[in-house]
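A.B. asks: Handing over entry_35.csv, CSV, C-alpha atoms.
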chain,number,residue,atom,x,y,z
T,737,MET,CA,-20.6,-2.5,-10.2
T,738,SER,CA,-20.0,-1.1,-6.7
T,739,ASP,CA,-17.5,1.7,-6.1
T,740,PRO,CA,-14.1,0.3,-5.3
T,741,VAL,CA,-12.8,0.5,-1.7
T,742,ARG,CA,-9.7,2.7,-1.9
T,743,ALA,CA,-6.7,3.0,0.4
T,744,CYS,CA,-3.7,5.3,0.6
T,745,LEU,CA,-0.3,4.5,2.0
T,746,ILE,CA,1.8,7.3,3.6
T,747,ILE,CA,5.4,6.3,3.9
T,748,ILE,CA,7.0,8.6,6.5
T,749,GLY,CA,10.8,9.0,6.9
T,750,ASN,CA,13.7,11.1,5.7
T,751,GLU,CA,15.7,7.8,5.3
T,752,ILE,CA,13.3,6.8,2.5
T,753,LEU,CA,13.6,10.1,0.7
T,754,SER,CA,17.4,10.1,1.0
T,755,GLY,CA,17.6,6.7,-0.7
T,756,ARG,CA,19.5,5.2,2.3
T,757,THR,CA,16.6,2.9,3.1
T,758,HIS,CA,14.6,1.1,0.3
T,759,ASP,CA,10.9,0.8,1.1
T,760,LYS,CA,9.6,-2.8,1.0
T,761,ASN,CA,6.2,-2.1,2.5
T,762,LEU,CA,4.5,-0.7,-0.6
T,763,PRO,CA,4.5,-3.9,-2.7
T,764,TYR,CA,3.5,-6.1,0.3
T,765,LEU,CA,0.6,-3.9,1.3
T,766,ALA,CA,-0.7,-3.5,-2.2
T,767,GLU,CA,-0.8,-7.2,-2.8
T,768,GLU,CA,-2.3,-8.0,0.6
T,769,LEU,CA,-5.0,-5.3,0.3
T,770,ASN,CA,-6.0,-6.5,-3.1
T,771,LYS,CA,-6.6,-10.0,-1.7
T,772,ILE,CA,-9.4,-8.6,0.4
T,773,GLY,CA,-10.8,-6.2,-2.3
T,774,VAL,CA,-9.1,-3.0,-1.2
T,775,ARG,CA,-7.4,-1.1,-3.9
T,776,LEU,CA,-4.2,0.8,-3.0
T,777,ALA,CA,-5.0,3.9,-5.0
T,778,GLU,CA,-2.2,6.3,-3.9
T,779,THR,CA,1.1,6.3,-2.1
T,780,ARG,CA,2.9,9.3,-0.7
T,781,VAL,CA,6.4,9.5,0.6
T,782,ILE,CA,6.9,12.4,3.1
T,783,PRO,CA,9.6,13.6,5.4
T,784,ASP,CA,9.7,13.7,9.2
T,785,ILE,CA,8.2,17.2,9.3
T,786,GLU,CA,5.3,17.7,11.7
T,787,ASP,CA,3.2,20.1,9.5
T,788,THR,CA,3.7,17.9,6.5
T,789,ILE,CA,2.6,14.7,8.3
T,790,ILE,CA,-0.5,16.4,9.9
T,791,GLU,CA,-1.6,18.0,6.6
T,792,THR,CA,-1.1,14.8,4.6
T,793,VAL,CA,-2.9,12.6,7.1
T,794,ASN,CA,-5.9,14.9,7.3
T,795,GLU,CA,-6.1,15.2,3.5
T,796,CYS,CA,-5.9,11.5,2.9
T,797,ARG,CA,-8.2,10.3,5.7
T,798,ALA,CA,-10.9,12.5,4.2
T,799,LYS,CA,-10.3,11.2,0.6
T,800,PHE,CA,-9.8,7.5,1.1
T,801,ASP,CA,-11.6,4.6,2.8
T,802,TYR,CA,-8.4,3.5,4.6
T,803,VAL,CA,-5.1,5.2,5.3
T,804,PHE,CA,-2.0,3.3,6.3
T,805,THR,CA,1.2,5.0,7.6
T,806,THR,CA,4.5,3.3,8.0
T,807,GLY,CA,7.5,4.6,9.9
T,808,GLY,CA,8.1,7.1,12.7
T,809,ILE,CA,6.8,5.2,15.8
T,810,GLY,CA,10.2,4.2,17.3
T,811,PRO,CA,12.1,5.6,20.3
T,812,THR,CA,14.3,8.2,18.6
T,813,HIS,CA,13.9,12.0,18.4
T,814,ASP,CA,12.8,11.8,14.7
T,815,ASP,CA,10.0,9.3,15.5
T,816,ILE,CA,7.2,11.9,15.6
T,817,THR,CA,4.3,10.1,13.8
T,818,SER,CA,2.3,9.4,17.0
T,819,ASN,CA,2.4,13.0,18.1
T,820,CYS,CA,1.5,14.2,14.6
T,821,ILE,CA,-1.5,11.8,14.3
T,822,ALA,CA,-2.7,13.1,17.7
T,823,LYS,CA,-2.5,16.7,16.4
T,824,ALA,CA,-4.3,15.7,13.2
T,825,PHE,CA,-7.2,14.4,15.2
T,826,GLY,CA,-7.1,17.2,17.8
T,827,VAL,CA,-6.4,14.9,20.8
T,828,GLU,CA,-3.5,14.5,23.3
T,829,ASN,CA,-0.7,12.0,22.7
T,830,ALA,CA,-0.6,10.3,26.1
T,831,LEU,CA,0.9,7.3,27.9
T,832,ASN,CA,-1.4,4.4,27.1
T,833,ALA,CA,-1.8,1.9,30.0
T,834,GLU,CA,-2.1,-1.1,27.7
T,835,ALA,CA,0.9,-0.1,25.6
T,836,HIS,CA,2.9,0.6,28.8
T,837,ALA,CA,2.1,-2.9,30.1
T,838,LEU,CA,3.2,-4.5,26.9
T,839,LEU,CA,6.5,-2.8,26.9
T,840,LYS,CA,7.1,-3.6,30.6
T,841,SER,CA,6.5,-7.2,29.8
T,842,HIS,CA,9.0,-7.1,27.0
T,843,TYR,CA,11.9,-5.7,29.0
T,844,GLU,CA,13.1,-8.0,31.8
T,845,ASN,CA,15.1,-5.3,33.4
T,846,PRO,CA,12.9,-2.3,34.4
T,847,GLU,CA,15.9,0.0,33.7
T,848,ASP,CA,15.8,-1.0,30.1
T,849,LEU,CA,12.5,0.7,29.7
T,850,ASN,CA,14.1,4.1,29.6
T,851,GLU,CA,12.6,7.4,28.7
T,852,ALA,CA,13.2,7.0,25.0
T,853,ARG,CA,11.6,3.5,24.8
T,854,LEU,CA,8.7,4.7,26.9
T,855,ARG,CA,7.8,7.2,24.1
T,856,MET,CA,6.6,4.1,22.1
T,857,ALA,CA,3.8,3.7,24.7
T,858,HIS,CA,2.4,7.1,24.0
T,859,VAL,CA,-0.5,7.0,21.5
T,860,PRO,CA,-3.3,9.4,20.7
T,861,VAL,CA,-6.1,9.4,23.2
T,862,GLY,CA,-8.9,7.2,21.9
T,863,ALA,CA,-6.7,5.1,19.7
T,864,GLU,CA,-7.1,1.3,19.4
T,865,LEU,CA,-3.8,-0.5,19.6
T,866,VAL,CA,-2.4,-2.6,16.8
T,867,GLN,CA,-0.5,-5.5,18.3
T,868,ASN,CA,3.2,-6.1,17.6
T,869,PRO,CA,4.1,-9.7,18.5
T,870,ILE,CA,7.8,-9.1,17.7
T,871,SER,CA,9.0,-6.2,19.8
T,872,LYS,CA,5.7,-5.4,21.6
T,873,ALA,CA,5.8,-1.7,20.7
T,874,PRO,CA,2.3,-1.3,19.2
T,875,GLY,CA,0.9,0.6,16.3
T,876,PHE,CA,-2.6,2.0,16.6
T,877,ARG,CA,-5.8,2.9,14.7
T,878,MET,CA,-7.6,6.3,14.8
T,879,GLU,CA,-10.8,6.0,12.9
T,880,ASN,CA,-9.8,4.9,9.3
T,881,VAL,CA,-6.1,5.6,9.9
T,882,TYR,CA,-3.8,2.7,10.7
T,883,VAL,CA,-0.3,3.6,12.0
T,884,LEU,CA,2.2,0.8,11.4
T,885,ALA,CA,5.9,0.2,11.9
T,886,GLY,CA,8.4,1.0,9.2
T,887,VAL,CA,10.4,-2.2,9.7
T,888,PRO,CA,8.9,-4.6,7.1
T,889,MET,CA,8.9,-7.7,9.2
T,890,ILE,CA,7.0,-5.9,12.0
T,891,MET,CA,4.7,-4.0,9.6
T,892,GLN,CA,3.7,-7.3,8.1
T,893,VAL,CA,2.7,-9.0,11.3
T,894,MET,CA,0.9,-5.8,12.4
T,895,PHE,CA,-1.1,-5.8,9.2
T,896,GLN,CA,-2.0,-9.4,9.5
T,897,GLY,CA,-3.4,-8.7,12.9
T,898,ILE,CA,-5.8,-6.0,11.7
T,899,LYS,CA,-6.6,-7.3,8.2
T,900,HIS,CA,-9.9,-8.9,9.5
T,901,GLN,CA,-11.1,-5.4,10.4
T,902,LEU,CA,-11.0,-4.2,6.8
T,903,ILE,CA,-14.1,-4.4,4.6
T,904,GLY,CA,-13.2,-4.6,0.9
T,905,GLY,CA,-15.0,-5.0,-2.4
T,906,GLU,CA,-14.3,-7.6,-5.1
T,907,PRO,CA,-10.7,-8.7,-5.5
T,908,MET,CA,-9.0,-7.4,-8.6
T,909,VAL,CA,-8.2,-9.8,-11.5
T,910,SER,CA,-5.3,-9.3,-13.9
T,911,ARG,CA,-4.0,-10.7,-17.1
T,912,SER,CA,-0.7,-9.9,-18.8
T,913,VAL,CA,-0.2,-10.2,-22.5
T,914,GLY,CA,3.2,-9.3,-24.1
T,915,GLY,CA,5.0,-9.4,-27.3
T,916,TYR,CA,7.9,-7.9,-29.3
T,917,ILE,CA,5.9,-4.8,-30.3
T,918,ALA,CA,6.6,-1.2,-29.7
T,919,GLU,CA,4.1,0.9,-27.5
T,920,GLY,CA,3.6,3.3,-30.3
T,921,SER,CA,2.5,0.6,-32.7
T,922,ILE,CA,-0.3,-0.5,-30.4
T,923,ALA,CA,-1.2,2.7,-28.7
T,924,LYS,CA,-4.2,3.6,-30.9
T,925,VAL,CA,-5.9,0.2,-30.4
T,926,LEU,CA,-5.2,0.2,-26.7
T,927,ALA,CA,-7.1,3.5,-26.4
T,928,GLU,CA,-10.0,2.0,-28.2
T,929,ILE,CA,-10.0,-1.1,-26.0
T,930,GLN,CA,-9.8,1.1,-22.9
T,931,ASP,CA,-12.8,3.1,-24.1
T,932,ASP,CA,-14.8,-0.2,-24.6
T,933,PHE,CA,-13.9,-1.4,-21.1
T,934,PRO,CA,-14.0,1.6,-18.8
T,935,GLN,CA,-14.1,-0.4,-15.6
T,936,ALA,CA,-10.8,-2.1,-16.4
T,937,ASP,CA,-7.3,-0.5,-16.1
T,938,ILE,CA,-4.9,-1.2,-18.9
T,939,GLY,CA,-1.2,-0.6,-18.3
T,940,SER,CA,1.6,-0.6,-20.8
T,941,TYR,CA,5.1,-1.6,-19.8
T,942,PRO,CA,7.9,-1.6,-22.4
T,943,PHE,CA,10.9,-3.9,-22.0
T,944,LEU,CA,14.1,-4.8,-23.7
T,945,ARG,CA,15.1,-8.4,-24.0
T,946,GLU,CA,18.0,-9.9,-25.9
T,947,GLY,CA,18.3,-6.6,-27.7
T,948,LYS,CA,14.6,-6.6,-28.8
T,949,LEU,CA,12.1,-4.0,-27.8
T,950,GLY,CA,8.7,-5.2,-26.6
T,951,THR,CA,5.7,-4.4,-24.5
T,952,THR,CA,3.8,-6.1,-21.8
T,953,LEU,CA,0.1,-5.0,-21.5
T,954,VAL,CA,-1.6,-5.6,-18.1
T,955,VAL,CA,-5.3,-5.5,-17.8
T,956,ARG,CA,-6.8,-5.2,-14.3
T,957,GLY,CA,-10.4,-5.1,-13.1
T,958,GLU,CA,-13.0,-6.6,-10.8
T,959,SER,CA,-14.7,-8.5,-13.7
T,960,ALA,CA,-12.8,-11.5,-15.0
T,961,ASP,CA,-15.0,-11.4,-18.1
T,962,ASP,CA,-14.0,-7.8,-18.9
T,963,VAL,CA,-10.3,-8.5,-18.2
T,964,ASN,CA,-10.3,-11.6,-20.5
T,965,GLN,CA,-12.2,-9.9,-23.3
T,966,ALA,CA,-9.9,-6.8,-23.3
T,967,SER,CA,-6.9,-9.1,-23.1
T,968,GLU,CA,-8.0,-11.1,-26.1
T,969,ARG,CA,-8.3,-8.0,-28.1
T,970,ILE,CA,-4.8,-7.0,-27.1
T,971,ARG,CA,-3.5,-10.4,-28.0
T,972,LEU,CA,-5.2,-10.2,-31.5
T,973,ALA,CA,-3.8,-6.7,-32.0
T,974,ILE,CA,-0.3,-8.0,-31.4
T,975,ILE,CA,-0.7,-10.8,-33.8
T,976,GLU,CA,-2.3,-8.5,-36.4
T,977,GLY,CA,0.7,-6.2,-36.0
T,978,GLY,CA,2.8,-9.1,-37.3
T,979,ARG,CA,4.3,-10.0,-33.9
T,980,ASP,CA,4.2,-13.1,-31.8
T,981,VAL,CA,2.6,-13.2,-28.4
T,982,ILE,CA,5.4,-14.3,-26.0
T,983,GLU,CA,3.5,-13.9,-22.7
T,984,ASP,CA,-0.1,-14.6,-21.7
T,985,THR,CA,-0.8,-15.3,-18.0
T,986,GLY,CA,-4.5,-15.8,-18.3
T,987,ALA,CA,-6.8,-14.1,-15.8
T,988,VAL,CA,-5.2,-14.3,-12.3
T,989,GLU,CA,-7.0,-13.3,-9.1
T,990,THR,CA,-5.6,-11.1,-6.4
T,991,ALA,CA,-3.2,-9.2,-8.7
T,992,GLY,CA,-0.8,-7.1,-6.7
T,993,ALA,CA,0.4,-4.9,-9.5
Please go through the file and, once you have read it, give me the structure as structure tokens.
C.D. replies:
Amino acid sequence: MSDPVRACLIIIGNEILSGRTHDKNLPYLAEELNKIGVRLAETRVIPDIEDTIIETVNECRAKFDYVFTTGGIGPTHDDITSNCIAKAFGVENALNAEAHALLKSHYENPEDLNEARLRMAHVPVGAELVQNPISKAPGFRMENVYVLAGVPMIMQVMFQGIKHQLIGGEPMVSRSVGGYIAEGSIAKVLAEIQDDFPQADIGSYPFLREGKLGTTLVVRGESADDVNQASERIRLAIIEGGRDVIEDTGAVETAGA
């Protein structure tokens, strides 16, 4: 089996860390990437601090096949992502003629394209623009790093515009099996199943429903056969533990979680 294609999402913004804004980009990106066989392997949430952004981007772009950043490319003083990406790559953050033209076409009154908004037309030298059909202010790509907007609606259309550029592996398949059984009661057999299917990931998620404690086990992998075999063993373990299976999704492609 080929090595998985792995991606990292870097969520940039003090507003996320403060809890004022709830991130909605992570679940969307994870699901969409999986559809094309790219596994979101890691997510980091970092502040609007230049050194932190530069260090994180440089570390992640060397470690992962793809890196996506969200946030920090707007017109305000704390939108420093573009400048930080430029420094991470050792290039100038300069006015981009194509980005400038896009913004001029968006504002009917030339005076509306003020100095603050013009900052959104500055991108690292050598970057390829990522189009933004909604507000025209573009994102951009530097090598394997894609810089996207933080606003979910805009991020999503940006991603759809660049999705064809991404080369993935096999899409992940998942199957969920659940029952009213405690994690501790099934932990030993889960470890044995995981050892027998090393290419699959088995996650354990406890729940409380109607006052009863239970566990949902999710098996994920590129091989539907492995996923189904491991899930069947889990299903039998629940039954042999004297519990009923209350959930079984069957193998489902393009699992987002």
A.B. asks: Please report, as CSV, each residue of stretch 796-900 of chain T lying at most 10 Å from stretch 751-759 of chain T, together with the nearest pair of atoms and the separation in Å rounded to one decimal; use all atoms listed in the file, and order rows by chain and ascending residue number.
C.D. replies:
residue,atom,partner,partner_atom,distance
T:Thr806,CA,T:Asp759,CA,9.7
T:Gly807,CA,T:Ile752,CA,9.7
T:Gly886,CA,T:Asp759,CA,8.5
T:Val887,CA,T:Asp759,CA,9.1
T:Pro888,CA,T:Asp759,CA,8.3
A.B. asks: Got a sec: who's within 7 Å of stretch 894-901 of chain T, counting all atoms listed in the file, leaving out chain neighbours fewer than 2 positions off, as a PyMOL selection string?
C.D. replies: chain T and resi 866-868+884+890-892+903
A.B. asks: Could you build a table of the residues in stretch 813-917 of chain T lying no more than 12 Å from stretch 922-926 of chain T, giving for each the nearest pair of atoms and their separation in Å rounded to one decimal place, using all atoms listed in the file, ordered by chain and ascending residue number, as a tab-separated table?
C.D. replies:
residue	atom	partner	partner_atom	distance
T:Gly914	CA	T:Ile922	CA	11.4
T:Gly915	CA	T:Ile922	CA	10.8
T:Tyr916	CA	T:Ile922	CA	11.1
T:Ile917	CA	T:Ile922	CA	7.5
A.B. asks: Taking the point (-5.1, 5.2, 7.3) as given in the file, collect each protein or nucleic acid residue that comes within 7 Å of it, counting all atoms listed in the file, and present the set as a ChimeraX atom specification.
C.D. replies: /T:744,797,802-805,880-883
A.B. asks: Please produce an output containing C-alpha atoms for each residue in the selection, written as a PDB file, in the coordinates of the input.
C.D. replies:
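File written: part-v4.pdb
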ATOM      1  CA  CYS T 744      -3.700   5.300   0.600  1.00  0.00           C
ATOM      2  CA  ARG T 797      -8.200  10.300   5.700  1.00  0.00           C
ATOM      3  CA  TYR T 802      -8.400   3.500   4.600  1.00  0.00           C
ATOM      4  CA  VAL T 803      -5.100   5.200   5.300  1.00  0.00           C
ATOM      5  CA  PHE T 804      -2.000   3.300   6.300  1.00  0.00           C
ATOM      6  CA  THR T 805       1.200   5.000   7.600  1.00  0.00           C
ATOM      7  CA  ASN T 880      -9.800   4.900   9.300  1.00  0.00           C
ATOM      8  CA  VAL T 881      -6.100   5.600   9.900  1.00  0.00           C
ATOM      9  CA  TYR T 882      -3.800   2.700  10.700  1.00  0.00           C
ATOM     10  CA  VAL T 883      -0.300   3.600  12.000  1.00  0.00           C
TER      11      VAL T 883
END
A.B. asks: Report the distance between atom CA of T:Glu844 and atom CA of T:Asn819 in Å, rounded to one decimal place.
C.D. replies: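 Interatomic distance here is 27.3 Å.
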A.B. asks: Which is closer to T:Gln965 than all the others in T:Ala936, T:Val774, T:Leu831, T:Leu949, using all atoms listed in the file?
C.D. replies: T:Ala936
A.B. asks: Would you kindly identify which residues have an atom no farther than 10 Å from (1.4, -5.0, 2.0), using all atoms listed in the file and the file's own coordinates, and write them out as a list of chain:residue names?
C.D. replies: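 Those residues, ordered by chain and then number, are T:Leu745, T:Lys760, T:Asn761, T:Leu762, T:Pro763, T:Tyr764, T:Leu765, T:Ala766, T:Glu767, T:Glu768, T:Leu769, T:Asn770, T:Leu776, T:Phe804, T:Pro888, T:Met891, T:Gln892, T:Phe895, T:Gln896, T:Gly992.
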A.B. asks: Selected residues, C-alpha atoms, written as a PDB file, keeping the file's coordinate frame, please.
C.D. replies:
ATOM      1  CA  LEU T 745      -0.300   4.500   2.000  1.00  0.00           C
ATOM      2  CA  LYS T 760       9.600  -2.800   1.000  1.00  0.00           C
ATOM      3  CA  ASN T 761       6.200  -2.100   2.500  1.00  0.00           C
ATOM      4  CA  LEU T 762       4.500  -0.700  -0.600  1.00  0.00           C
ATOM      5  CA  PRO T 763       4.500  -3.900  -2.700  1.00  0.00           C
ATOM      6  CA  TYR T 764       3.500  -6.100   0.300  1.00  0.00           C
ATOM      7  CA  LEU T 765       0.600  -3.900   1.300  1.00  0.00           C
ATOM      8  CA  ALA T 766      -0.700  -3.500  -2.200  1.00  0.00           C
ATOM      9  CA  GLU T 767      -0.800  -7.200  -2.800  1.00  0.00           C
ATOM     10  CA  GLU T 768      -2.300  -8.000   0.600  1.00  0.00           C
ATOM     11  CA  LEU T 769      -5.000  -5.300   0.300  1.00  0.00           C
ATOM     12  CA  ASN T 770      -6.000  -6.500  -3.100  1.00  0.00           C
ATOM     13  CA  LEU T 776      -4.200   0.800  -3.000  1.00  0.00           C
ATOM     14  CA  PHE T 804      -2.000   3.300   6.300  1.00  0.00           C
ATOM     15  CA  PRO T 888       8.900  -4.600   7.100  1.00  0.00           C
ATOM     16  CA  MET T 891       4.700  -4.000   9.600  1.00  0.00           C
ATOM     17  CA  GLN T 892       3.700  -7.300   8.100  1.00  0.00           C
ATOM     18  CA  PHE T 895      -1.100  -5.800   9.200  1.00  0.00           C
ATOM     19  CA  GLN T 896      -2.000  -9.400   9.500  1.00  0.00           C
ATOM     20  CA  GLY T 992      -0.800  -7.100  -6.700  1.00  0.00           C
TER      21      GLY T 992
END
A.B. asks: Counting all atoms listed in the file, which of T:Gly957, T:Ala833, T:Ile782, T:Thr952 gets nearest to T:Glu919?
C.D. replies: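 Among T:Gly957, T:Ala833, T:Ile782, T:Thr952, it is T:Thr952 that comes nearest to T:Glu919.
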A.B. asks: Pick the closest to T:Gly773 from T:Leu902, T:Asp984, T:Gly920, T:Tyr843: which is it, counting all atoms listed in the file?
C.D. replies: T:Leu902
A.B. asks: Hey, what's within 7 Å of T:Ile809 if we count all atoms listed in the file and toss same-chain stuff fewer than 3 positions away? As JSON, numbers by chain, please?
C.D. replies: {"T": [815, 816, 817, 818, 856, 885]}
A.B. asks: Compare T:Gly808, T:His836, T:Arg945, T:Glu795 by their minimum atom-to-atom distance to T:Ile747, counting only C-alpha atoms, and give me the closest one.
C.D. replies: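 Closest to T:Ile747, using only C-alpha atoms: T:Gly808.
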A.B. asks: Which is closer to T:Ser912 than all the others in T:Ile746, T:Met878, T:Val981, T:Val859, using all atoms listed in the file?
C.D. replies: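 Once distances to T:Ser912 are computed over all atoms listed in the file, the minimum belongs to T:Val981.
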A.B. asks: How far is it from atom CA of T:Arg775 to atom CA of T:Ile938, in Å with one decimal?
C.D. replies: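 Interatomic distance here is 15.2 Å.
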